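Asks: Take a look at this one; I'll ask things after.
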Amino acid sequence: MGDILSQSEIDALLNALSSGDSEDIVAAEEMPKKDVKVYDFANPSKFSKEQLRTLEIIFDNYSRFLTSFLTGYLRTSVQAEVVNSEQITYNNFTNSLSNPAILGIVDFEPFKGSIILELSTNIGYAIIDRVLGGPGYPMSETRDLSEIEKVLLERVFIQILKLMPETWENVAQIQPKLDMLETNVQFAQIMPPNELTALITLDMNVGGVQGFFNFCIPYITIEPIAQQINAANWYGSKKNKKDEDNEVHVKQLEEKLEITDVDVSAIIGQTRISVGEFVNLAEGDIIMLDSFVNSDLSVKIGELLKFKAKPGISHGRNAIQITSLVGRRE
C-alpha cells in the first residue's frame, strides 16, 4: 500500500490536475514527509529509563538499610541488593506469582493508592524460623501461612517499612503503612490489570537462603511526583540536604562547645622529692621548684599544655595573664 497523502498534498495534486501544470504535480510529490512517532497502545510507556534508574538508586540505598536492620533483627547474615528494574503491567506481575504468596499491601501515604511488596516464600519461612529461634531453614513443602506466622511477618513488614521514608526523602516525604498481608494473589487485585507499574527486584540472602523481594509501584500512585523522580533532582536534593545537615551540625557543635566546662590549671613550678622527704615534711620547710620568680607559668587545658602566663591580682583575686600560646594555634 502506498504512502497516505496529507490534506495539503491532496489539494496540491487536485490544483495541479485542474490546471494541467506538471511542475505543480512534481512539487507536490517532492513535499517533505512528516516524522511519525510510533506509539504502542497495547504496551504504552509511562516510566522513562531515567525514572527507572532513579528508582534503582533509591532502592539501592534502601537495600543497605534493609541489610543492616535484618542482620541485627534476625541475628544472622543478611544481604540484599537491587538486581533489576522494569516497567510491566499489573496483570503481568500478578500472573508471574504463584499461590500461596507473601504480599504486603502498603498504603503509600500521603499519595493515593497502594504499592505491593512481594517476598519469596522461602525467604518468608526462613525469617519466621529465625524469629522463633530456629536456624532459619525454609519449609520443605510450600504451604499457606498460619495466623501466628502472618502476625510475625506483619511485624517484620512494619519494621522494614519504617526504613523507607529516609531513602525517599530527596524525592518526597512519605509515610508508608502496611494495610494487610495477603497470601492469595486473587485477593490482591488493588488496581486495573492493565495499569502500568515499576517493578524493582531485590536479590536477598537470609542465612544462606536465597530469594527475591519485589516492590511493585503503580504509576498512578506516584504520578504527583513523577517529574521529581530523576537522578539530577535526586542528587541535587541530596547534596543540598547534606550541606544543610552539615551547617546544622556545625552550629550545634559550636553551641555545645561554648557551654562545655573544661579544667584550667596554672602550674607555678614542679620538683621531685623522695618518699622519705615527703613523710618528714613539717611546717616552715621550703621546697625548691624548677622555676624562677620571673618565670612564666604553664597553663593547661585539661592535660594539654596550651598557654604561658604571668601571675597577678585582679579585683582582689589571684589571676593570670596569658602571654603566649604553646603548640598549634587551633
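Ordering of the C-alpha cells sets the chain letters (A, B, ...), residue numbers begin anew at 1 in every chain, and ligands are numbered from 1 in the order given.
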Could you tell me, as a PyMOL selection string, which residues of region 55-169 of chain A DSSP assigns to strand (DSSP E or B) when given the backbone?
Replies: chain A and resi 78-89+102-109+114-119
Asks: DSSP says helix (DSSP H, G or I) for which residues of region 136-165 of chain A? Put them as a list in words?
Replies: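 Helix (DSSP H, G or I) members of region 136-165 of chain A, listed: Glu147, Ile148, Glu149, Lys150, Val151, Leu152, Leu153, Glu154, Arg155, Val156, Phe157, Ile158, Gln159, Ile160, Leu161, Met164 and Pro165 of chain A.
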Asks: Which is closest to Thr76 (chain A) among A:Phe278, A:Phe93, A:Tyr137, A:Phe213, if we use only C-alpha atoms?
Replies: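 That would be A:Tyr137, the residue with the smallest distance to Thr76 (chain A).
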Asks: Need the shell around Phe111 (chain A): protein/DNA/RNA residues with any atom at most 9 Å away, counting only C-alpha atoms. Skip same-chain ones fewer than 5 positions apart. Format as number ranges by chain?
Replies: A: 174, 221-224
Asks: List as number ranges by chain the protein and nucleic acid residues near region 193-200 of chain A, meaning an atom at most 6 Å away when only C-alpha atoms are counted, but skip any in the same chain fewer than 3 places from it.
Replies: A: 84-91, 214-219
Asks: Just to be explicit: take each residue in the selection above, keep N, CA, C and O atoms, and write the result as a short mmCIF file (atom, residue, chain, number, x, y, z; two decimals), in the first residue's frame.
Replies:
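New file result.cif:
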```cif
data_model
loop_
_atom_site.label_atom_id
_atom_site.label_comp_id
_atom_site.auth_asym_id
_atom_site.auth_seq_id
_atom_site.Cartn_x
_atom_site.Cartn_y
_atom_site.Cartn_z
N ASN A 84 17.27 -5.61 39.41
CA ASN A 84 16.53 -5.29 38.18
C ASN A 84 15.45 -4.25 38.46
O ASN A 84 14.93 -4.14 39.57
N SER A 85 15.14 -3.47 37.42
CA SER A 85 14.01 -2.55 37.46
C SER A 85 13.40 -2.54 36.06
O SER A 85 14.12 -2.42 35.07
N GLU A 86 12.09 -2.65 35.99
CA GLU A 86 11.43 -2.70 34.70
C GLU A 86 10.00 -2.19 34.82
O GLU A 86 9.44 -2.09 35.91
N GLN A 87 9.42 -1.88 33.66
CA GLN A 87 8.04 -1.44 33.59
C GLN A 87 7.19 -2.58 33.07
O GLN A 87 7.44 -3.13 31.99
N ILE A 88 6.18 -2.97 33.85
CA ILE A 88 5.27 -4.04 33.42
C ILE A 88 3.85 -3.67 33.84
O ILE A 88 3.65 -2.79 34.68
N THR A 89 2.89 -4.34 33.25
CA THR A 89 1.51 -4.13 33.66
C THR A 89 1.25 -4.92 34.94
O THR A 89 1.93 -5.92 35.23
N TYR A 90 0.26 -4.47 35.69
CA TYR A 90 -0.06 -5.16 36.95
C TYR A 90 -0.52 -6.59 36.68
O TYR A 90 -0.24 -7.49 37.48
N ASN A 91 -1.18 -6.81 35.56
CA ASN A 91 -1.63 -8.15 35.21
C ASN A 91 -0.46 -9.10 35.00
O ASN A 91 -0.47 -10.25 35.46
N ASN A 214 10.29 -8.17 45.84
CA ASN A 214 9.82 -7.31 44.76
C ASN A 214 8.99 -6.16 45.29
O ASN A 214 8.17 -6.33 46.20
N PHE A 215 9.19 -4.97 44.69
CA PHE A 215 8.40 -3.79 45.01
C PHE A 215 7.66 -3.37 43.75
O PHE A 215 8.29 -2.96 42.76
N CYS A 216 6.35 -3.50 43.76
CA CYS A 216 5.51 -3.16 42.62
C CYS A 216 4.88 -1.79 42.88
O CYS A 216 4.03 -1.65 43.77
N ILE A 217 5.29 -0.78 42.10
CA ILE A 217 4.86 0.61 42.33
C ILE A 217 4.04 1.08 41.13
O ILE A 217 4.58 1.31 40.05
N PRO A 218 2.72 1.23 41.28
CA PRO A 218 1.89 1.70 40.17
C PRO A 218 2.21 3.15 39.81
O PRO A 218 2.49 3.97 40.69
N TYR A 219 2.14 3.45 38.52
CA TYR A 219 2.41 4.82 38.07
C TYR A 219 1.37 5.79 38.63
O TYR A 219 1.70 6.92 39.00
#
```
Asks: What is the CA of Glu283 (chain A) to CA of Ser314 (chain A) distance in Å?
Replies: 29.4 Å
Asks: List as a list in words the protein and nucleic acid residues near Asp129 (chain A), meaning an atom at most 10 Å away when only C-alpha atoms are counted, but skip any in the same chain fewer than 6 places from it.
Replies: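 The residues satisfying every condition are Leu74, Ile123, Pro135, Gly136, Tyr137, Pro138, Met139 and Glu149 of chain A.
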Asks: Just N, CA and C atoms for this one: save the residues we selected as a short mmCIF file (atom, residue, chain, number, x, y, z; two decimals), in the first residue's frame.
Replies:
```
data_model
loop_
_atom_site.label_atom_id
_atom_site.label_comp_id
_atom_site.auth_asym_id
_atom_site.auth_seq_id
_atom_site.Cartn_x
_atom_site.Cartn_y
_atom_site.Cartn_z
N LEU A 74 17.42 -10.45 62.95
CA LEU A 74 17.38 -11.91 62.85
C LEU A 74 18.62 -12.57 63.42
N ILE A 123 12.14 -17.16 51.60
CA ILE A 123 12.72 -16.13 52.47
C ILE A 123 11.78 -15.86 53.65
N PRO A 135 17.14 -22.22 63.20
CA PRO A 135 18.35 -21.90 62.42
C PRO A 135 18.08 -21.08 61.16
N GLY A 136 16.83 -20.92 60.78
CA GLY A 136 16.50 -20.13 59.59
C GLY A 136 16.38 -20.94 58.34
N TYR A 137 15.89 -22.21 58.47
CA TYR A 137 15.71 -23.06 57.30
C TYR A 137 14.35 -22.79 56.66
N PRO A 138 14.27 -22.86 55.31
CA PRO A 138 12.96 -22.72 54.65
C PRO A 138 12.14 -23.99 54.83
N MET A 139 10.83 -23.89 54.57
CA MET A 139 9.96 -25.06 54.67
C MET A 139 10.27 -26.05 53.54
N GLU A 149 1.94 -17.13 62.08
CA GLU A 149 3.04 -16.80 61.16
C GLU A 149 2.76 -15.49 60.44
#
```
Asks: Do a neighbour search on Ile105 (chain A) at 12 Å with only C-alpha atoms, toss out local chain neighbours closer than 4 positions, and write the hits as a VMD selection string.
Replies: chain A and resid 113 to 119 154 157 to 158 161 176 to 185 187 to 191 215 to 217
Asks: Give me, please, the distance in Å between CA of Ser63 (chain A) and CA of Glu81 (chain A), quoted to one decimal.
Replies: 5.6 Å
Asks: Quick one: pull the distance between CA of Leu152 (chain A) and CA of Arg75 (chain A), Å, one decimal.
Replies: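 CA of Arg75 (chain A) lies at a distance of 15.9 Å from CA of Leu152 (chain A).
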Asks: Please list as a VMD selection string every residue within 12 Å of Ile229 (chain A), counting only C-alpha atoms and excluding residues in the same chain fewer than 4 positions away.
Replies: chain A and resid 47 to 58 168 to 172 219 222 to 225 233 to 237
Asks: Just to be explicit: take each residue in the selection above, keep N, CA, C and O atoms, and write the result as an mmCIF file, in the first residue's frame.
Replies:
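again-v5.cif written:
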```cif
data_model
loop_
_atom_site.group_PDB
_atom_site.id
_atom_site.type_symbol
_atom_site.label_atom_id
_atom_site.label_comp_id
_atom_site.auth_asym_id
_atom_site.auth_seq_id
_atom_site.Cartn_x
_atom_site.Cartn_y
_atom_site.Cartn_z
ATOM 1 N N PHE A 47 6.901 5.059 32.427
ATOM 2 C CA PHE A 47 8.144 5.228 33.169
ATOM 3 C C PHE A 47 9.306 5.357 32.183
ATOM 4 O O PHE A 47 9.532 4.469 31.362
ATOM 5 N N SER A 48 10.030 6.468 32.264
ATOM 6 C CA SER A 48 11.203 6.639 31.409
ATOM 7 C C SER A 48 12.380 5.854 31.984
ATOM 8 O O SER A 48 12.355 5.429 33.146
ATOM 9 N N LYS A 49 13.402 5.679 31.165
ATOM 10 C CA LYS A 49 14.602 4.984 31.637
ATOM 11 C C LYS A 49 15.249 5.743 32.800
ATOM 12 O O LYS A 49 15.787 5.144 33.722
ATOM 13 N N GLU A 50 15.181 7.068 32.733
ATOM 14 C CA GLU A 50 15.744 7.896 33.794
ATOM 15 C C GLU A 50 15.005 7.674 35.112
ATOM 16 O O GLU A 50 15.626 7.581 36.177
ATOM 17 N N GLN A 51 13.689 7.552 35.052
ATOM 18 C CA GLN A 51 12.905 7.325 36.262
ATOM 19 C C GLN A 51 13.177 5.945 36.846
ATOM 20 O O GLN A 51 13.296 5.791 38.068
ATOM 21 N N LEU A 52 13.283 4.944 35.991
ATOM 22 C CA LEU A 52 13.595 3.597 36.476
ATOM 23 C C LEU A 52 14.981 3.553 37.093
ATOM 24 O O LEU A 52 15.202 2.888 38.115
ATOM 25 N N ARG A 53 15.922 4.280 36.491
ATOM 26 C CA ARG A 53 17.278 4.331 37.039
ATOM 27 C C ARG A 53 17.284 5.013 38.406
ATOM 28 O O ARG A 53 17.970 4.576 39.325
ATOM 29 N N THR A 54 16.500 6.069 38.553
ATOM 30 C CA THR A 54 16.425 6.768 39.830
ATOM 31 C C THR A 54 15.799 5.877 40.898
ATOM 32 O O THR A 54 16.237 5.867 42.049
ATOM 33 N N LEU A 55 14.766 5.119 40.517
ATOM 34 C CA LEU A 55 14.162 4.178 41.464
ATOM 35 C C LEU A 55 15.175 3.117 41.894
ATOM 36 O O LEU A 55 15.184 2.692 43.054
ATOM 37 N N GLU A 56 16.034 2.708 40.979
ATOM 38 C CA GLU A 56 17.101 1.768 41.334
ATOM 39 C C GLU A 56 18.014 2.375 42.395
ATOM 40 O O GLU A 56 18.413 1.705 43.353
ATOM 41 N N ILE A 57 18.373 3.647 42.212
ATOM 42 C CA ILE A 57 19.247 4.328 43.178
ATOM 43 C C ILE A 57 18.576 4.404 44.544
ATOM 44 O O ILE A 57 19.201 4.146 45.579
ATOM 45 N N ILE A 58 17.281 4.754 44.549
ATOM 46 C CA ILE A 58 16.541 4.857 45.810
ATOM 47 C C ILE A 58 16.527 3.515 46.534
ATOM 48 O O ILE A 58 16.804 3.435 47.739
ATOM 49 N N TRP A 168 13.556 7.909 50.559
ATOM 50 C CA TRP A 168 12.735 8.666 49.607
ATOM 51 C C TRP A 168 12.741 10.163 49.883
ATOM 52 O O TRP A 168 12.133 10.940 49.141
ATOM 53 N N GLU A 169 13.390 10.602 50.964
ATOM 54 C CA GLU A 169 13.254 11.988 51.402
ATOM 55 C C GLU A 169 13.776 13.004 50.395
ATOM 56 O O GLU A 169 13.357 14.166 50.409
ATOM 57 N N ASN A 170 14.673 12.607 49.486
ATOM 58 C CA ASN A 170 15.153 13.536 48.461
ATOM 59 C C ASN A 170 14.146 13.734 47.335
ATOM 60 O O ASN A 170 14.297 14.648 46.517
ATOM 61 N N VAL A 171 13.131 12.879 47.294
ATOM 62 C CA VAL A 171 12.093 12.986 46.271
ATOM 63 C C VAL A 171 10.782 13.472 46.870
ATOM 64 O O VAL A 171 10.150 14.388 46.353
ATOM 65 N N ALA A 172 10.363 12.861 47.978
ATOM 66 C CA ALA A 172 9.097 13.231 48.618
ATOM 67 C C ALA A 172 9.085 12.709 50.046
ATOM 68 O O ALA A 172 9.814 11.769 50.393
ATOM 69 N N TYR A 219 2.143 3.448 38.518
ATOM 70 C CA TYR A 219 2.407 4.819 38.074
ATOM 71 C C TYR A 219 1.366 5.788 38.626
ATOM 72 O O TYR A 219 1.697 6.916 38.996
ATOM 73 N N ILE A 222 2.365 7.187 42.137
ATOM 74 C CA ILE A 222 3.446 8.170 42.255
ATOM 75 C C ILE A 222 3.389 9.232 41.159
ATOM 76 O O ILE A 222 4.346 9.988 40.991
ATOM 77 N N GLU A 223 2.269 9.296 40.454
ATOM 78 C CA GLU A 223 2.127 10.289 39.377
ATOM 79 C C GLU A 223 2.361 11.723 39.854
ATOM 80 O O GLU A 223 2.993 12.513 39.145
ATOM 81 N N PRO A 224 1.893 12.121 41.079
ATOM 82 C CA PRO A 224 2.128 13.502 41.526
ATOM 83 C C PRO A 224 3.604 13.879 41.647
ATOM 84 O O PRO A 224 3.951 15.050 41.595
ATOM 85 N N ILE A 225 4.475 12.881 41.836
ATOM 86 C CA ILE A 225 5.913 13.179 41.996
ATOM 87 C C ILE A 225 6.736 12.575 40.867
ATOM 88 O O ILE A 225 7.957 12.458 40.986
ATOM 89 N N ASN A 233 17.668 15.530 39.960
ATOM 90 C CA ASN A 233 16.918 16.090 41.086
ATOM 91 C C ASN A 233 17.282 15.385 42.383
ATOM 92 O O ASN A 233 17.426 15.998 43.436
ATOM 93 N N TRP A 234 17.441 14.038 42.297
ATOM 94 C CA TRP A 234 17.748 13.253 43.487
ATOM 95 C C TRP A 234 19.117 13.622 44.049
ATOM 96 O O TRP A 234 19.263 13.870 45.243
ATOM 97 N N TYR A 235 20.129 13.668 43.163
ATOM 98 C CA TYR A 235 21.473 14.015 43.633
ATOM 99 C C TYR A 235 21.540 15.455 44.106
ATOM 100 O O TYR A 235 22.222 15.778 45.077
ATOM 101 N N GLY A 236 20.833 16.366 43.382
ATOM 102 C CA GLY A 236 20.827 17.766 43.785
ATOM 103 C C GLY A 236 20.213 17.954 45.149
ATOM 104 O O GLY A 236 20.749 18.662 46.006
ATOM 105 N N SER A 237 19.064 17.301 45.396
ATOM 106 C CA SER A 237 18.397 17.398 46.693
ATOM 107 C C SER A 237 19.265 16.782 47.781
ATOM 108 O O SER A 237 19.352 17.296 48.891
#
```
Asks: With only C-alpha atoms as the atoms that count, which of A:Asn246, A:Ser120, A:Gln321, A:Ser265 lies nearest to Ile301 (chain A)?
Replies: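 Looking at the shortest contact to Ile301 (chain A), the residue is A:Ser265.
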